[in-house]
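Asker: Just model_13.cif, nothing more (mmCIF, C-alpha atoms):
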```
data_coords
loop_
_atom_site.group_PDB
_atom_site.id
_atom_site.type_symbol
_atom_site.label_atom_id
_atom_site.label_comp_id
_atom_site.auth_asym_id
_atom_site.auth_seq_id
_atom_site.Cartn_x
_atom_site.Cartn_y
_atom_site.Cartn_z
ATOM 1 C CA MET L 1445 0.000 0.000 0.000
ATOM 2 C CA SER L 1446 1.384 3.406 -0.816
ATOM 3 C CA ALA L 1447 1.354 6.158 1.740
ATOM 4 C CA ILE L 1448 -1.626 8.468 1.776
ATOM 5 C CA ALA L 1449 -0.856 12.164 1.792
ATOM 6 C CA PRO L 1450 -0.710 13.405 5.395
ATOM 7 C CA ASP L 1451 -3.582 15.573 6.570
ATOM 8 C CA SER L 1452 -2.591 18.691 8.499
ATOM 9 C CA ARG L 1453 -5.920 19.126 10.330
ATOM 10 C CA LEU L 1454 -4.659 17.163 13.328
ATOM 11 C CA GLY L 1455 -1.180 18.667 13.359
ATOM 12 C CA PRO L 1456 1.978 17.026 12.070
ATOM 13 C CA ALA L 1457 1.335 13.676 10.463
ATOM 14 C CA VAL L 1458 3.690 10.851 9.786
ATOM 15 C CA GLY L 1459 3.815 10.142 6.050
ATOM 16 C CA THR L 1460 5.492 6.890 5.066
ATOM 17 C CA ASP L 1461 4.530 3.480 3.766
ATOM 18 C CA ILE L 1462 2.517 1.104 5.927
ATOM 19 C CA PRO L 1463 2.575 -2.565 4.959
ATOM 20 C CA ASP L 1464 -0.338 -3.728 2.800
ATOM 21 C CA THR L 1465 -2.225 -6.378 4.783
ATOM 22 C CA SER L 1466 -5.286 -6.570 2.542
ATOM 23 C CA GLY L 1467 -4.050 -9.690 0.779
ATOM 24 C CA GLY L 1468 -4.624 -8.545 -2.776
ATOM 25 C CA ALA L 1469 -6.044 -5.998 -5.146
ATOM 26 C CA PRO L 1470 -8.513 -3.389 -3.861
ATOM 27 C CA LEU L 1471 -12.144 -4.445 -3.909
ATOM 28 C CA ALA L 1472 -14.636 -2.428 -5.931
ATOM 29 C CA ALA L 1473 -17.299 -2.460 -3.213
ATOM 30 C CA ALA L 1474 -15.113 -2.428 -0.097
ATOM 31 C CA HIS L 1475 -11.868 -0.966 1.193
ATOM 32 C CA PRO L 1476 -10.306 -3.070 3.948
ATOM 33 C CA PHE L 1477 -7.729 -1.418 6.204
ATOM 34 C CA ASP L 1478 -5.800 -2.584 9.258
ATOM 35 C CA ILE L 1479 -6.378 -0.094 12.083
ATOM 36 C CA GLU L 1480 -4.281 -2.095 14.549
ATOM 37 C CA ALA L 1481 -1.248 -2.131 12.222
ATOM 38 C CA VAL L 1482 -1.478 1.634 11.678
ATOM 39 C CA LYS L 1483 -1.884 2.238 15.419
ATOM 40 C CA ARG L 1484 1.139 0.057 16.172
ATOM 41 C CA TRP L 1485 3.215 1.765 13.458
ATOM 42 C CA LEU L 1486 2.390 5.267 14.761
ATOM 43 C CA SER L 1487 2.989 4.173 18.376
ATOM 44 C CA GLU L 1488 6.482 2.940 17.534
ATOM 45 C CA GLY L 1489 7.395 6.500 16.605
ATOM 46 C CA ASN L 1490 6.257 9.730 18.217
ATOM 47 C CA GLY L 1491 2.624 9.266 17.272
ATOM 48 C CA GLY L 1492 0.836 11.195 14.533
ATOM 49 C CA TYR L 1493 -2.166 10.948 12.256
ATOM 50 C CA GLU L 1494 -2.600 8.658 9.266
ATOM 51 C CA ILE L 1495 -5.615 8.481 6.974
ATOM 52 C CA VAL L 1496 -6.716 4.872 6.450
ATOM 53 C CA HIS L 1497 -9.763 5.603 4.271
ATOM 54 C CA ALA L 1498 -11.000 8.560 2.272
ATOM 55 C CA SER L 1499 -14.073 8.655 0.074
ATOM 56 C CA PRO L 1500 -16.654 11.298 -0.841
ATOM 57 C CA GLY L 1501 -18.278 12.380 2.419
ATOM 58 C CA LEU L 1502 -16.024 10.351 4.729
ATOM 59 C CA GLU L 1503 -12.490 10.239 6.109
ATOM 60 C CA VAL L 1504 -11.242 7.697 8.643
ATOM 61 C CA GLY L 1505 -7.886 8.067 10.352
ATOM 62 C CA VAL L 1506 -5.861 6.783 13.251
ATOM 63 C CA TYR L 1507 -4.467 9.406 15.638
ATOM 64 C CA VAL L 1508 -1.854 8.422 18.214
ATOM 65 C CA LEU L 1509 -0.708 10.871 20.892
ATOM 66 C CA VAL L 1510 2.417 10.164 22.923
ATOM 67 C CA ALA L 1511 3.328 12.380 25.896
ATOM 68 C CA PRO L 1512 5.007 14.781 26.241
ATOM 69 C CA GLU L 1513 4.049 15.792 22.675
ATOM 70 C CA PRO L 1514 1.019 18.120 22.906
ATOM 71 C CA ASP L 1515 -2.090 17.825 20.768
ATOM 72 C CA ARG L 1516 -1.711 20.695 18.303
ATOM 73 C CA GLN L 1517 -4.931 20.327 16.358
ATOM 74 C CA GLN L 1518 -7.085 23.272 15.389
ATOM 75 C CA PRO L 1519 -10.885 23.397 14.907
ATOM 76 C CA HIS L 1520 -11.996 21.511 11.806
ATOM 77 C CA ALA L 1521 -14.489 22.402 9.090
ATOM 78 C CA ASP L 1522 -16.141 18.977 9.437
ATOM 79 C CA ASP L 1523 -18.036 17.116 12.172
ATOM 80 C CA GLU L 1524 -16.009 14.290 13.665
ATOM 81 C CA ILE L 1525 -16.196 11.352 16.022
ATOM 82 C CA TYR L 1526 -13.307 10.092 18.129
ATOM 83 C CA ILE L 1527 -13.362 6.445 19.271
ATOM 84 C CA VAL L 1528 -10.726 5.526 21.862
ATOM 85 C CA LEU L 1529 -8.822 2.428 20.783
ATOM 86 C CA GLU L 1530 -6.274 2.415 23.597
ATOM 87 C CA GLY L 1531 -5.326 4.526 26.593
ATOM 88 C CA THR L 1532 -7.019 7.235 28.609
ATOM 89 C CA GLY L 1533 -7.127 10.993 28.435
ATOM 90 C CA THR L 1534 -9.317 14.041 28.455
ATOM 91 C CA LEU L 1535 -10.708 15.844 25.429
ATOM 92 C CA GLU L 1536 -11.323 19.499 26.161
ATOM 93 C CA VAL L 1537 -14.170 20.732 23.956
ATOM 94 C CA GLU L 1538 -14.879 24.462 24.107
ATOM 95 C CA GLY L 1539 -13.158 24.505 27.516
ATOM 96 C CA ARG L 1540 -15.179 21.627 28.987
ATOM 97 C CA PRO L 1541 -13.438 18.339 29.866
ATOM 98 C CA VAL L 1542 -14.655 14.988 28.535
ATOM 99 C CA ASP L 1543 -12.872 12.058 30.206
ATOM 100 C CA LEU L 1544 -12.212 9.202 27.809
ATOM 101 C CA ARG L 1545 -10.949 5.629 28.021
ATOM 102 C CA GLU L 1546 -10.815 2.604 25.756
ATOM 103 C CA GLY L 1547 -14.227 1.905 24.220
ATOM 104 C CA HIS L 1548 -15.523 5.469 24.734
ATOM 105 C CA ALA L 1549 -16.453 7.756 21.866
ATOM 106 C CA VAL L 1550 -17.235 11.444 21.549
ATOM 107 C CA PHE L 1551 -18.800 13.610 18.830
ATOM 108 C CA VAL L 1552 -17.241 17.026 18.133
ATOM 109 C CA PRO L 1553 -19.155 19.437 15.885
ATOM 110 C CA ALA L 1554 -17.461 21.335 13.078
ATOM 111 C CA GLY L 1555 -15.706 24.476 14.267
ATOM 112 C CA ALA L 1556 -15.509 23.494 17.951
ATOM 113 C CA GLU L 1557 -12.233 24.285 19.700
ATOM 114 C CA HIS L 1558 -10.915 20.997 21.094
ATOM 115 C CA ARG L 1559 -7.733 19.135 22.054
ATOM 116 C CA PHE L 1560 -6.607 16.105 24.001
ATOM 117 C CA VAL L 1561 -4.844 16.601 27.338
ATOM 118 C CA GLY L 1562 -3.860 14.413 30.292
ATOM 119 C CA TYR L 1563 -2.647 11.380 28.341
ATOM 120 C CA GLU L 1564 0.500 9.270 28.358
ATOM 121 C CA ARG L 1565 -0.288 7.307 25.206
ATOM 122 C CA LEU L 1566 -3.682 7.643 23.559
ATOM 123 C CA SER L 1567 -4.851 6.028 20.314
ATOM 124 C CA VAL L 1568 -8.124 7.063 18.700
ATOM 125 C CA LEU L 1569 -10.002 6.270 15.522
ATOM 126 C CA VAL L 1570 -11.111 9.530 13.913
ATOM 127 C CA ILE L 1571 -14.137 9.682 11.613
ATOM 128 C CA PHE L 1572 -14.736 12.896 9.721
ATOM 129 C CA GLU L 1573 -17.948 13.693 7.865
ATOM 130 C CA ARG L 1574 -16.530 15.467 4.832
ATOM 131 C CA GLN L 1575 -18.770 18.209 3.508
ATOM 132 C CA ALA L 1576 -18.843 19.023 -0.195
ATOM 133 C CA ARG L 1577 -16.933 22.235 -0.743
#
```
Mind converting the file's structure to structure tokens?
Answerer:
Amino acid sequence: MSAIAPDSRLGPAVGTDIPDTSGGAPLAAAHPFDIEAVKRWLSEGNGGYEIVHASPGLEVGVYVLVAPEPDRQQPHADDEIYIVLEGTGTLEVEGRPVDLREGHAVFVPAGAEHRFVGYERLSVLVIFERQAR
């Protein structure tokens, strides 16, 4: 699998090749991706964000935060959902804390100021609703 162009919405992204674990050619009706492999790959470094799927109206990425690196993201133009894959932390949304742990999810509306704090190592699946522009 070739690397997907890094997305700057979540701050610096790691942009390199991740092994193709799909077992063959892309499927016309489905796009398999290995979230665990991407999470592991990002965790071995200093974290970062990697897009694992992009299609009209949808973007899915894996975001790994490793302390002491701060979360540098800025408000986004799209609604998003964070699903915690591993770790614990707090997402501050418009100044209000939302405590998160593995298995928890949170919706953040487009334009909301938000960032993760209080984590040692936190891995989340990020789902963006991509609006037509």
Asker: Is there a way to get, as a list in words, all residues within 10 Å of the point (-7.2, 8.5, 11.6) in file coordinates, counting only C-alpha atoms?
Answerer: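 Using only C-alpha atoms, the matching residues come out as Asp1451, Leu1454, Ile1479, Val1482, Lys1483, Gly1492, Tyr1493, Glu1494, Ile1495, Val1496, His1497, Glu1503, Val1504, Gly1505, Val1506, Tyr1507, Val1508, Tyr1526, Ser1567, Val1568, Leu1569, Val1570, Ile1571 and Phe1572 of chain L.
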Asker: One decimal, Å: what's the distance from CA of Arg1516 (chain L) over to CA of Glu1557 (chain L), could you say?
Answerer: 11.2 Å
Asker: Considering all atoms listed in the file, can you say which of L:Gln1517, L:Tyr1563, L:Arg1540, L:Asp1523 comes closest to Gly1501 (chain L)?
Answerer: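 Using all atoms listed in the file, the shortest distance to Gly1501 (chain L) belongs to L:Asp1523.
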Asker: Tell me which residues the PyMOL selection byres ((chain L and resi 1556) around 10) grabs here, as a ChimeraX atom specification.
Answerer: /L:1518-1523,1537-1539,1552-1555,1557-1559
Asker: Looking at only C-alpha atoms, which of L:Glu1536, L:Pro1476, L:Arg1574, L:Arg1565 is the one that sits closest to Val1550 (chain L)?
Answerer: L:Glu1536
Asker: Can you tell me how far CA of Leu1566 (chain L) sits from CA of Ser1499 (chain L), in Å to one decimal?
Answerer: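 Separation of CA of Leu1566 (chain L) and CA of Ser1499 (chain L): 25.7 Å.
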Asker: Using only C-alpha atoms, which residue out of L:Glu1573, L:Glu1530, L:Glu1546, L:Glu1564 lies closest to Asp1515 (chain L)?
Answerer: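 Smallest distance to Asp1515 (chain L) is found for L:Glu1564.
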Asker: Hey, can you check how far CA of Phe1477 (chain L) sits from CA of Gly1491 (chain L)?
Answerer: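 Spanning CA of Phe1477 (chain L) to CA of Gly1491 (chain L) is a straight-line distance of 18.5 Å.
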Asker: Counting all atoms listed in the file, what is within 10 Å of Pro1541 (chain L), bar same-chain residues fewer than 6 positions away, as number ranges by chain?
Answerer: L: 1533-1535, 1558-1561
Asker: Taking into account all atoms listed in the file, which residue in the set L:Gly1562, L:Pro1500, L:Gly1489, L:Gly1547 is nearest to Val1528 (chain L)?
Answerer: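 Ranked by minimum distance to Val1528 (chain L), first place goes to L:Gly1547.
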Asker: Pick the closest to Arg1545 (chain L) from L:Leu1529, L:Ala1474, L:Leu1486, L:Ala1498: which is it, counting all atoms listed in the file?
Answerer: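 Closest to Arg1545 (chain L), using all atoms listed in the file: L:Leu1529.
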Asker: I need the residue nearest Leu1502 (chain L) from this list: L:Phe1551, L:Ile1527, L:Asp1543, L:Gln1575. Use all atoms listed in the file for the distance.
Answerer: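 Of all the options, L:Gln1575 lies closest to Leu1502 (chain L).
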Asker: Would you fill out region 1530-1553 of chain L with N, CA and C atoms and return it as a compact mmCIF listing (two decimals), keeping the file's coordinate frame?
Answerer:
```txt
# COMPACT_ATOMS: atom_id res chain seq x y z
N GLU L 1530 -7.19 2.82 22.53
CA GLU L 1530 -6.27 2.42 23.60
C GLU L 1530 -5.89 3.64 24.42
N GLY L 1531 -5.78 3.45 25.72
CA GLY L 1531 -5.33 4.53 26.59
C GLY L 1531 -6.47 5.30 27.23
N THR L 1532 -6.07 6.34 27.95
CA THR L 1532 -7.02 7.24 28.61
C THR L 1532 -6.54 8.66 28.41
N GLY L 1533 -7.46 9.58 28.55
CA GLY L 1533 -7.13 10.99 28.44
C GLY L 1533 -8.38 11.83 28.56
N THR L 1534 -8.21 13.10 28.38
CA THR L 1534 -9.32 14.04 28.46
C THR L 1534 -9.35 14.84 27.16
N LEU L 1535 -10.52 14.98 26.58
CA LEU L 1535 -10.71 15.84 25.43
C LEU L 1535 -11.39 17.10 25.94
N GLU L 1536 -10.71 18.22 25.79
CA GLU L 1536 -11.32 19.50 26.16
C GLU L 1536 -12.04 20.03 24.93
N VAL L 1537 -13.35 20.23 25.05
CA VAL L 1537 -14.17 20.73 23.96
C VAL L 1537 -14.78 22.04 24.41
N GLU L 1538 -14.40 23.13 23.74
CA GLU L 1538 -14.88 24.46 24.11
C GLU L 1538 -14.67 24.72 25.60
N GLY L 1539 -13.52 24.27 26.12
CA GLY L 1539 -13.16 24.50 27.52
C GLY L 1539 -13.75 23.53 28.52
N ARG L 1540 -14.56 22.58 28.07
CA ARG L 1540 -15.18 21.63 28.99
C ARG L 1540 -14.51 20.27 28.83
N PRO L 1541 -14.13 19.63 29.94
CA PRO L 1541 -13.44 18.34 29.87
C PRO L 1541 -14.39 17.17 29.62
N VAL L 1542 -13.95 16.25 28.78
CA VAL L 1542 -14.66 14.99 28.54
C VAL L 1542 -13.63 13.88 28.78
N ASP L 1543 -13.80 13.15 29.89
CA ASP L 1543 -12.87 12.06 30.21
C ASP L 1543 -13.16 10.88 29.30
N LEU L 1544 -12.08 10.30 28.77
CA LEU L 1544 -12.21 9.20 27.81
C LEU L 1544 -11.31 8.04 28.19
N ARG L 1545 -11.76 6.84 27.85
CA ARG L 1545 -10.95 5.63 28.02
C ARG L 1545 -11.33 4.66 26.90
N GLU L 1546 -10.59 3.59 26.80
CA GLU L 1546 -10.82 2.60 25.76
C GLU L 1546 -12.29 2.22 25.67
N GLY L 1547 -12.82 2.25 24.45
CA GLY L 1547 -14.23 1.90 24.22
C GLY L 1547 -15.16 3.10 24.25
N HIS L 1548 -14.71 4.25 24.71
CA HIS L 1548 -15.52 5.47 24.73
C HIS L 1548 -15.42 6.19 23.39
N ALA L 1549 -16.43 6.95 23.09
CA ALA L 1549 -16.45 7.76 21.87
C ALA L 1549 -17.05 9.12 22.19
N VAL L 1550 -16.71 10.10 21.35
CA VAL L 1550 -17.24 11.44 21.55
C VAL L 1550 -17.42 12.11 20.18
N PHE L 1551 -18.51 12.83 20.03
CA PHE L 1551 -18.80 13.61 18.83
C PHE L 1551 -18.33 15.04 19.06
N VAL L 1552 -17.67 15.62 18.06
CA VAL L 1552 -17.24 17.03 18.13
C VAL L 1552 -17.78 17.72 16.88
N PRO L 1553 -18.60 18.75 17.06
CA PRO L 1553 -19.16 19.44 15.88
C PRO L 1553 -18.10 20.28 15.16
```
